[in-house]
>>> print(open('query-v8.cif').read())   # mmCIF, C-alpha atoms and all ligand atoms
data_data
#
loop_
_atom_site.label_atom_id
_atom_site.label_comp_id
_atom_site.auth_asym_id
_atom_site.auth_seq_id
_atom_site.Cartn_x
_atom_site.Cartn_y
_atom_site.Cartn_z
CA MET F 76 0.00 0.00 0.00
CA GLN F 77 1.18 3.51 -0.73
CA LYS F 78 2.00 6.09 1.91
CA TYR F 79 -0.79 8.66 1.84
CA GLN F 80 -0.05 12.32 2.46
CA THR F 81 -3.60 13.12 3.57
CA ILE F 82 -6.06 10.83 5.32
CA PHE F 83 -9.70 11.85 5.61
CA PHE F 84 -11.73 9.72 7.99
CA ASP F 85 -15.12 9.41 9.58
CA TRP F 86 -15.15 9.39 13.39
CA ASP F 87 -18.07 7.30 14.80
CA GLY F 88 -17.78 3.68 13.75
CA THR F 89 -14.50 4.24 11.88
CA ALA F 90 -12.00 5.86 14.29
CA VAL F 91 -13.89 4.97 17.49
CA VAL F 92 -16.43 2.26 18.27
CA SER F 93 -18.46 4.68 20.37
CA ARG F 94 -18.09 8.41 20.82
CA GLU F 95 -18.71 7.87 24.54
CA LEU F 96 -15.48 5.87 24.92
CA PRO F 97 -12.03 7.50 25.13
CA ALA F 98 -10.17 7.77 21.83
CA ASP F 99 -7.11 6.06 23.37
CA ASP F 100 -6.53 3.56 20.57
CA VAL F 101 -6.68 5.90 17.60
CA LEU F 102 -4.69 8.79 19.10
CA PRO F 103 -1.16 7.24 19.18
CA PRO F 104 -1.01 6.39 15.45
CA MET F 105 -2.71 9.73 14.63
CA ILE F 106 -0.07 11.64 16.60
CA GLU F 107 2.74 9.63 15.01
CA LEU F 108 1.44 10.36 11.49
CA LEU F 109 1.05 14.06 12.34
CA ARG F 110 4.70 14.05 13.48
CA GLN F 111 5.63 12.63 10.08
CA GLY F 112 3.83 15.55 8.41
CA VAL F 113 0.76 13.62 7.25
CA ILE F 114 -2.42 15.71 7.14
CA LEU F 115 -5.32 14.15 9.06
CA VAL F 116 -8.90 15.29 8.50
CA VAL F 117 -11.78 14.13 10.68
CA ILE F 118 -15.09 14.23 8.83
CA SER F 119 -18.31 13.89 10.78
CA GLY F 120 -21.90 15.04 10.71
CA THR F 121 -21.68 15.94 14.37
CA THR F 122 -20.30 19.01 16.17
CA TYR F 123 -16.92 19.50 17.86
CA ASN F 124 -18.16 18.82 21.41
CA LYS F 125 -19.20 15.31 20.33
CA ILE F 126 -15.71 14.38 19.04
CA ALA F 127 -13.68 12.95 21.95
CA GLN F 128 -15.93 14.91 24.33
CA GLY F 129 -14.76 18.16 22.71
CA ARG F 130 -11.20 17.46 23.96
CA LEU F 131 -9.57 16.01 20.88
CA HIS F 132 -7.06 18.87 20.59
CA GLU F 133 -5.99 18.53 24.25
CA GLN F 134 -4.91 14.96 23.51
CA VAL F 135 -2.80 15.93 20.50
CA PRO F 136 0.53 17.65 21.32
CA LYS F 137 0.52 21.33 20.41
CA ASP F 138 3.51 21.08 18.09
CA VAL F 139 1.72 18.70 15.71
CA ARG F 140 -1.82 20.05 15.94
CA GLN F 141 -1.40 22.16 12.81
CA GLY F 142 -1.66 19.03 10.66
CA LEU F 143 -5.06 18.17 12.12
CA TYR F 144 -8.30 19.42 10.56
CA LEU F 145 -11.98 18.76 11.11
CA GLY F 146 -14.92 19.06 8.73
CA LEU F 147 -18.06 18.82 10.84
CA GLY F 148 -21.77 19.54 11.08
CA ARG F 149 -22.94 18.38 7.68
CA GLY F 150 -20.88 20.95 5.79
CA ALA F 151 -21.26 23.72 8.39
CA PHE F 152 -17.89 23.84 10.18
CA ASN F 153 -14.29 23.53 9.00
CA TYR F 154 -11.63 23.79 11.70
CA GLY F 155 -7.86 23.80 11.93
CA PHE F 156 -5.33 24.77 14.62
CA ASP F 157 -2.98 27.74 14.82
CA ALA F 158 0.71 27.68 15.81
CA ASP F 159 -0.27 28.05 19.48
CA GLY F 160 -2.50 24.99 19.24
CA ASN F 161 -5.76 26.92 19.43
CA ARG F 162 -8.67 25.70 17.36
CA ILE F 163 -9.55 28.11 14.57
CA THR F 164 -12.58 28.24 12.31
CA LEU F 165 -11.37 28.15 8.71
CA HIS F 166 -14.78 28.37 7.17
CA GLU F 167 -18.30 28.28 8.50
CA VAL F 168 -21.54 27.88 6.56
CA VAL F 169 -24.29 28.45 9.09
CA PRO F 170 -27.53 29.90 7.76
CA ASP F 171 -28.80 33.11 9.35
CA CYS F 172 -32.12 33.08 11.16
CA ALA F 173 -34.13 34.00 8.06
CA LEU F 174 -32.60 31.18 6.00
CA ARG F 175 -32.98 28.70 8.87
CA LEU F 176 -36.68 29.52 9.00
CA ARG F 177 -37.00 28.89 5.26
CA ILE F 178 -35.34 25.47 5.72
CA HIS F 179 -37.82 24.85 8.56
CA GLN F 180 -40.66 25.74 6.19
CA VAL F 181 -39.39 23.19 3.65
CA ALA F 182 -39.21 20.51 6.35
CA PHE F 183 -42.70 21.36 7.51
CA ALA F 184 -43.97 21.23 3.93
CA VAL F 185 -42.49 17.72 3.58
CA HIS F 186 -44.27 16.77 6.80
CA THR F 187 -47.52 18.30 5.49
CA HIS F 188 -47.16 16.53 2.12
CA LEU F 189 -46.79 13.14 3.81
CA LEU F 190 -49.53 13.64 6.39
CA GLU F 191 -52.12 15.33 4.18
CA ARG F 192 -51.81 13.06 1.15
CA TYR F 193 -50.75 9.77 2.71
CA GLY F 194 -51.66 9.94 6.41
CA TYR F 195 -47.95 9.37 7.17
CA ASP F 196 -46.71 10.77 10.50
CA THR F 197 -43.32 12.39 10.99
CA ASP F 198 -41.60 14.40 13.72
CA ILE F 199 -39.24 17.26 12.98
CA VAL F 200 -36.15 18.33 14.94
CA PHE F 201 -35.71 22.08 14.30
CA THR F 202 -32.84 22.80 16.67
CA ARG F 203 -29.80 21.92 14.52
CA PRO F 204 -27.92 25.08 13.44
CA ASN F 205 -28.02 24.35 9.70
CA TYR F 206 -30.57 21.64 8.91
CA CYS F 207 -33.76 19.90 10.01
CA LYS F 208 -34.13 16.23 10.84
CA ILE F 209 -37.40 14.65 9.82
CA ASP F 210 -38.07 11.42 11.70
CA LEU F 211 -39.58 8.92 9.26
CA LEU F 212 -39.89 6.13 11.83
CA VAL F 213 -41.57 7.87 14.75
CA ASN F 214 -42.39 4.61 16.49
CA VAL F 215 -38.86 3.23 16.29
CA ASP F 216 -36.61 4.34 19.14
CA ARG F 217 -32.93 3.84 18.37
CA GLY F 218 -31.95 4.20 22.01
CA ASP F 219 -28.23 4.92 22.20
CA GLN F 220 -27.64 3.38 18.78
CA LEU F 221 -26.54 6.23 16.52
CA TYR F 222 -26.04 4.23 13.40
CA LEU F 223 -28.29 2.72 10.90
CA THR F 224 -29.53 -0.68 11.93
CA SER F 225 -30.05 -3.21 9.21
CA GLY F 226 -33.60 -3.40 7.97
CA GLU F 227 -34.40 0.22 8.79
CA VAL F 228 -34.52 1.21 5.14
CA ASP F 229 -36.77 -1.71 4.35
CA LEU F 230 -38.97 -0.66 7.24
CA VAL F 231 -39.25 2.93 5.97
CA ASN F 232 -39.95 1.77 2.41
CA GLN F 233 -42.53 -0.70 3.66
CA ASN F 234 -44.23 1.92 5.87
CA LEU F 235 -44.30 4.41 2.99
CA ALA F 236 -45.75 1.76 0.65
CA GLU F 237 -48.43 0.81 3.18
CA HIS F 238 -49.52 4.46 3.20
CA GLY F 239 -49.66 4.50 -0.60
CA TYR F 240 -46.53 6.61 -1.03
CA PRO F 241 -44.72 5.52 -4.20
CA GLY F 242 -40.96 5.60 -4.70
CA GLY F 243 -39.76 4.86 -1.17
CA VAL F 244 -36.90 6.79 0.41
CA GLU F 245 -35.38 7.61 -2.98
CA GLY F 246 -38.67 9.22 -4.08
CA LEU F 247 -38.88 11.12 -0.83
CA ILE F 248 -35.44 12.64 -1.36
CA GLU F 249 -36.49 13.80 -4.84
CA ASP F 250 -39.78 15.20 -3.49
CA THR F 251 -37.92 17.08 -0.77
CA VAL F 252 -35.63 18.72 -3.32
CA SER F 253 -38.69 19.71 -5.41
CA ILE F 254 -40.50 21.11 -2.37
CA GLY F 255 -37.36 23.09 -1.57
CA GLN F 256 -37.46 24.60 -5.08
CA GLU F 257 -41.05 25.69 -4.48
CA PHE F 258 -39.65 27.72 -1.59
CA GLY F 259 -36.82 29.06 -3.77
CA LEU F 260 -34.15 26.93 -2.08
CA GLU F 261 -31.71 24.40 -3.53
CA VAL F 262 -31.84 22.10 -0.51
CA GLN F 263 -29.69 19.03 -0.03
CA ALA F 264 -31.67 16.07 1.28
CA THR F 265 -29.88 13.06 2.73
CA THR F 266 -31.03 10.15 4.81
CA ASP F 267 -29.86 7.37 7.07
CA ALA F 268 -33.32 5.81 6.74
CA LYS F 269 -34.89 6.82 10.07
CA PHE F 270 -34.01 10.48 9.60
CA LEU F 271 -34.40 12.55 6.47
CA GLU F 272 -32.10 15.56 6.81
CA VAL F 273 -32.77 18.80 4.98
CA GLY F 274 -30.26 21.64 4.76
CA MET F 275 -28.20 23.68 2.34
CA THR F 276 -24.93 21.73 2.66
CA THR F 277 -23.64 18.16 3.24
CA LYS F 278 -20.35 16.45 4.06
CA ALA F 279 -19.44 17.01 0.40
CA ASP F 280 -19.08 20.72 1.18
CA ASN F 281 -16.60 19.97 4.00
CA ILE F 282 -14.59 17.78 1.63
CA ASP F 283 -14.46 20.29 -1.21
CA TYR F 284 -13.53 23.18 1.09
CA LEU F 285 -10.76 21.28 2.89
CA LEU F 286 -9.35 19.80 -0.32
CA GLU F 287 -9.27 23.19 -2.00
CA HIS F 288 -8.00 25.29 0.93
CA VAL F 289 -5.82 22.87 2.88
CA VAL F 290 -4.73 19.89 0.80
CA PHE F 291 -4.25 21.27 -2.72
CA GLU F 292 -2.91 24.50 -1.19
CA ARG F 293 0.01 22.47 0.17
CA GLY F 294 0.72 20.99 -3.23
CA ILE F 295 -0.69 17.56 -2.34
CA VAL F 296 -2.45 15.85 -5.25
CA ILE F 297 -5.69 13.90 -4.92
CA GLU F 298 -3.94 10.60 -5.76
CA ASP F 299 -2.04 10.94 -2.47
CA CYS F 300 -5.27 11.21 -0.45
CA CYS F 301 -7.54 8.52 0.95
CA PHE F 302 -10.93 8.47 2.63
CA TRP F 303 -12.14 6.01 5.26
CA GLY F 304 -15.67 5.42 6.53
CA ASP F 305 -18.13 2.79 7.70
CA GLU F 306 -21.23 4.05 5.88
CA PHE F 307 -20.53 4.17 2.16
CA THR F 308 -23.03 1.39 1.59
CA ALA F 309 -26.24 1.61 -0.41
CA LEU F 310 -29.21 1.92 1.94
CA GLY F 311 -31.55 0.97 -0.83
CA PRO F 312 -31.92 1.57 -4.56
CA GLY F 313 -30.35 4.93 -5.41
CA VAL F 314 -29.78 5.88 -1.76
CA TRP F 315 -26.20 5.87 -0.44
CA GLY F 316 -24.89 6.05 3.11
CA SER F 317 -23.57 9.35 4.45
CA ASP F 318 -19.88 8.54 3.86
CA ALA F 319 -20.58 8.33 0.13
CA GLN F 320 -21.01 12.12 0.27
CA MET F 321 -17.23 12.25 0.65
CA ILE F 322 -16.99 11.24 -3.02
CA THR F 323 -17.18 14.51 -4.92
CA ASP F 324 -15.91 15.74 -8.27
CA LYS F 325 -12.81 17.08 -6.49
CA SER F 326 -12.14 13.94 -4.41
CA ARG F 327 -12.97 11.28 -7.00
CA GLY F 328 -9.32 10.55 -7.85
CA ALA F 329 -8.51 9.46 -4.28
CA ASP F 330 -8.76 5.98 -2.74
CA PHE F 331 -11.85 5.16 -0.67
CA PHE F 332 -12.20 2.41 1.93
CA ASP F 333 -15.24 1.09 3.80
CA VAL F 334 -14.71 -0.85 7.05
CA SER F 335 -18.30 -2.00 7.61
CA GLU F 336 -18.97 -5.73 7.91
CA ASP F 337 -21.69 -6.43 5.37
CA PRO F 338 -22.30 -3.55 3.01
CA LEU F 339 -25.18 -4.19 0.63
CA GLU F 340 -23.50 -2.48 -2.28
CA LEU F 341 -20.70 0.08 -2.42
CA PRO F 342 -20.13 2.97 -4.81
CA ASP F 343 -17.74 2.08 -7.67
CA LYS F 344 -14.78 3.86 -6.19
CA VAL F 345 -14.92 2.20 -2.77
CA THR F 346 -12.81 -0.75 -1.63
CA HIS F 347 -14.39 -2.99 0.99
CA VAL F 348 -12.08 -3.60 3.94
CA THR F 349 -13.93 -5.58 6.53
CA GLY F 350 -13.03 -5.29 10.22
CA GLY F 351 -14.60 -2.09 11.54
CA VAL F 352 -12.58 0.29 13.72
CA GLN F 353 -9.83 -2.30 14.15
CA ALA F 354 -9.20 -2.33 10.40
CA PHE F 355 -8.81 1.44 10.33
CA LEU F 356 -6.41 1.33 13.29
CA GLU F 357 -4.32 -1.32 11.54
CA PHE F 358 -4.22 0.87 8.45
CA LEU F 359 -3.00 3.89 10.44
CA LYS F 360 -0.32 1.82 12.16
CA ALA F 361 0.85 0.43 8.81
CA GLN F 362 1.01 3.99 7.42
CA VAL F 363 3.25 5.01 10.34
CA ASP F 364 5.76 2.33 9.35
CA LEU F 365 5.79 3.06 5.61
MG MG F 401 -19.58 6.37 10.84
#
>>> encode(input="query-v8.cif", output="structure tokens")
Amino acid sequence: MQKYQTIFFDWDGTAVVSRELPADDVLPPMIELLRQGVILVVISGTTYNKIAQGRLHEQVPKDVRQGLYLGLGRGAFNYGFDADGNRITLHEVVPDCALRLRIHQVAFAVHTHLLERYGYDTDIVFTRPNYCKIDLLVNVDRGDQLYLTSGEVDLVNQNLAEHGYPGGVEGLIEDTVSIGQEFGLEVQATTDAKFLEVGMTTKADNIDYLLEHVVFERGIVIEDCCFWGDEFTALGPGVWGSDAQMITDKSRGADFFDVSEDPLELPDKVTHVTGGVQAFLEFLKAQVDL
């Protein structure tokens, strides 16, 4: 395997088994690679306080922090670190109140569309800074489980079909984009089955920003970059897991790896490496020695 100059990776389920546990296993090879000058980029849909309890930087020595970057919040936040080790916001895409309210209107219109025409119930979470979450499985409680559980997509598609809604989750994503256009917005709709998320950006925006302004800026070419995740898999026909959003026109020339156990189908570019978090850790350790 080649030595990569930049490694983009998902956090939950790829770098750590659970965000509640300490990041003790992944930190030593990360720090070693940073010492060697490798750029590391954490990509996650969550916010900074949810990555290593908001203390990731404290666990990385100050003198190597400048090689560490984070693209978080579904395209909203891109962070780096200055020479003193302080976290700095490189780029932020958070809608103002007026735009947030328009996104809320789109989400409510999706809710209305499903309830009025199909008698299909949803709940909406309005409190994210840059998107809404529409719960498509209101009677299914995930408990502490953050990830997609197998069969959830089938369950959503089955529920939608029972209510006479054609097209399943894929159709719902298309409808959401159309409803957004009625409100004059080019919304991005993504799903992990239970939740349909509606906002103006996705992980793809984090990737493109960080490639353009960090990686390419340093003269690193895309062929020397790789991307790791545990949710590249197809959730159903035409619907890909959230890590597939890391494949953009700018990133397409890189290598992509999925560590999940039984992906249904992976995008063309993605190599299946079974083994979960352990496989990613082995990869990092092997990169240290190259
Ligand atoms: Mg993950």
>>> closest_residue(input="query-v8.cif", among="F:Leu235, F:Leu211, F:Ala354, F:Val135", to="Thr266 (chain F)", atoms="all atoms listed in the file")
F:Leu211
>>> residues_near_ligand(input="query-v8.cif", ligand="ligand MG 401 (chain F)", cutoff="10 Å", atoms="only C-alpha atoms and all ligand atoms", output="ChimeraX atom specification")
/F:84-93,118-120,221-223,303-307,316-318,333-335,351-352
>>> closest_residue(input="query-v8.cif", among="F:Cys172, F:Gln353, F:Glu287, F:Thr164", to="Asp324 (chain F)", atoms="all atoms listed in the file")
F:Glu287
>>> residues_near_point(input="query-v8.cif", point="(-22.8, 16.6, 12.9)", cutoff="10 Å", atoms="all atoms listed in the file", output="PyMOL selection string")
chain F and resi 118-126+146-152+203-205+277-278
>>> atom_distance(input="query-v8.cif", atom1="CA of Phe156 (chain F)", atom2="CA of Gly142 (chain F)")
7.9 Å
>>> atom_distance(input="query-v8.cif", atom1="CA of Gly274 (chain F)", atom2="CA of Arg175 (chain F)")
8.6 Å
>>> closest_residue(input="query-v8.cif", among="F:Trp315, F:Phe201, F:Tyr154, F:Tyr144", to="Val273 (chain F)", atoms="all atoms listed in the file")
F:Phe201
>>> closest_residue(input="query-v8.cif", among="F:Pro241, F:Pro103, F:Pro170, F:Gly155", to="Tyr193 (chain F)", atoms="all atoms listed in the file")
F:Pro241
>>> closest_residue(input="query-v8.cif", among="F:Val168, F:Leu96, F:Val314, F:Phe183", to="Gly242 (chain F)", atoms="all atoms listed in the file")
F:Val314
>>> atom_distance(input="query-v8.cif", atom1="CA of Thr346 (chain F)", atom2="CA of Phe332 (chain F)")
4.8 Å
>>> closest_residue(input="query-v8.cif", among="F:Val117, F:Pro104, F:Leu189, F:Tyr206", to="Val169 (chain F)", atoms="all atoms listed in the file")
F:Tyr206
>>> residues_around(input="query-v8.cif", residues="Val231 (chain F)", least_positions_apart="2", cutoff="9 Å", atoms="all atoms listed in the file", output="list of chain:residue names")
F:Leu211, F:Leu212, F:Gly226, F:Glu227, F:Val228, F:Asp229, F:Gln233, F:Asn234, F:Leu235, F:Ala236, F:Gly243, F:Val244, F:Ala268, F:Lys269
>>> residues_around(input="query-v8.cif", residues="Thr308 (chain F)", least_positions_apart="5", cutoff="8 Å", atoms="only C-alpha atoms", output="short mmCIF file (atom, residue, chain, number, x, y, z; two decimals) with C-alpha atoms, in the coordinates of the input")
data_model
loop_
_atom_site.label_atom_id
_atom_site.label_comp_id
_atom_site.auth_asym_id
_atom_site.auth_seq_id
_atom_site.Cartn_x
_atom_site.Cartn_y
_atom_site.Cartn_z
CA TRP F 315 -26.20 5.87 -0.44
CA GLY F 316 -24.89 6.05 3.11
CA ALA F 319 -20.58 8.33 0.13
CA PRO F 338 -22.30 -3.55 3.01
CA LEU F 339 -25.18 -4.19 0.63
CA GLU F 340 -23.50 -2.48 -2.28
CA LEU F 341 -20.70 0.08 -2.42
CA PRO F 342 -20.13 2.97 -4.81
#
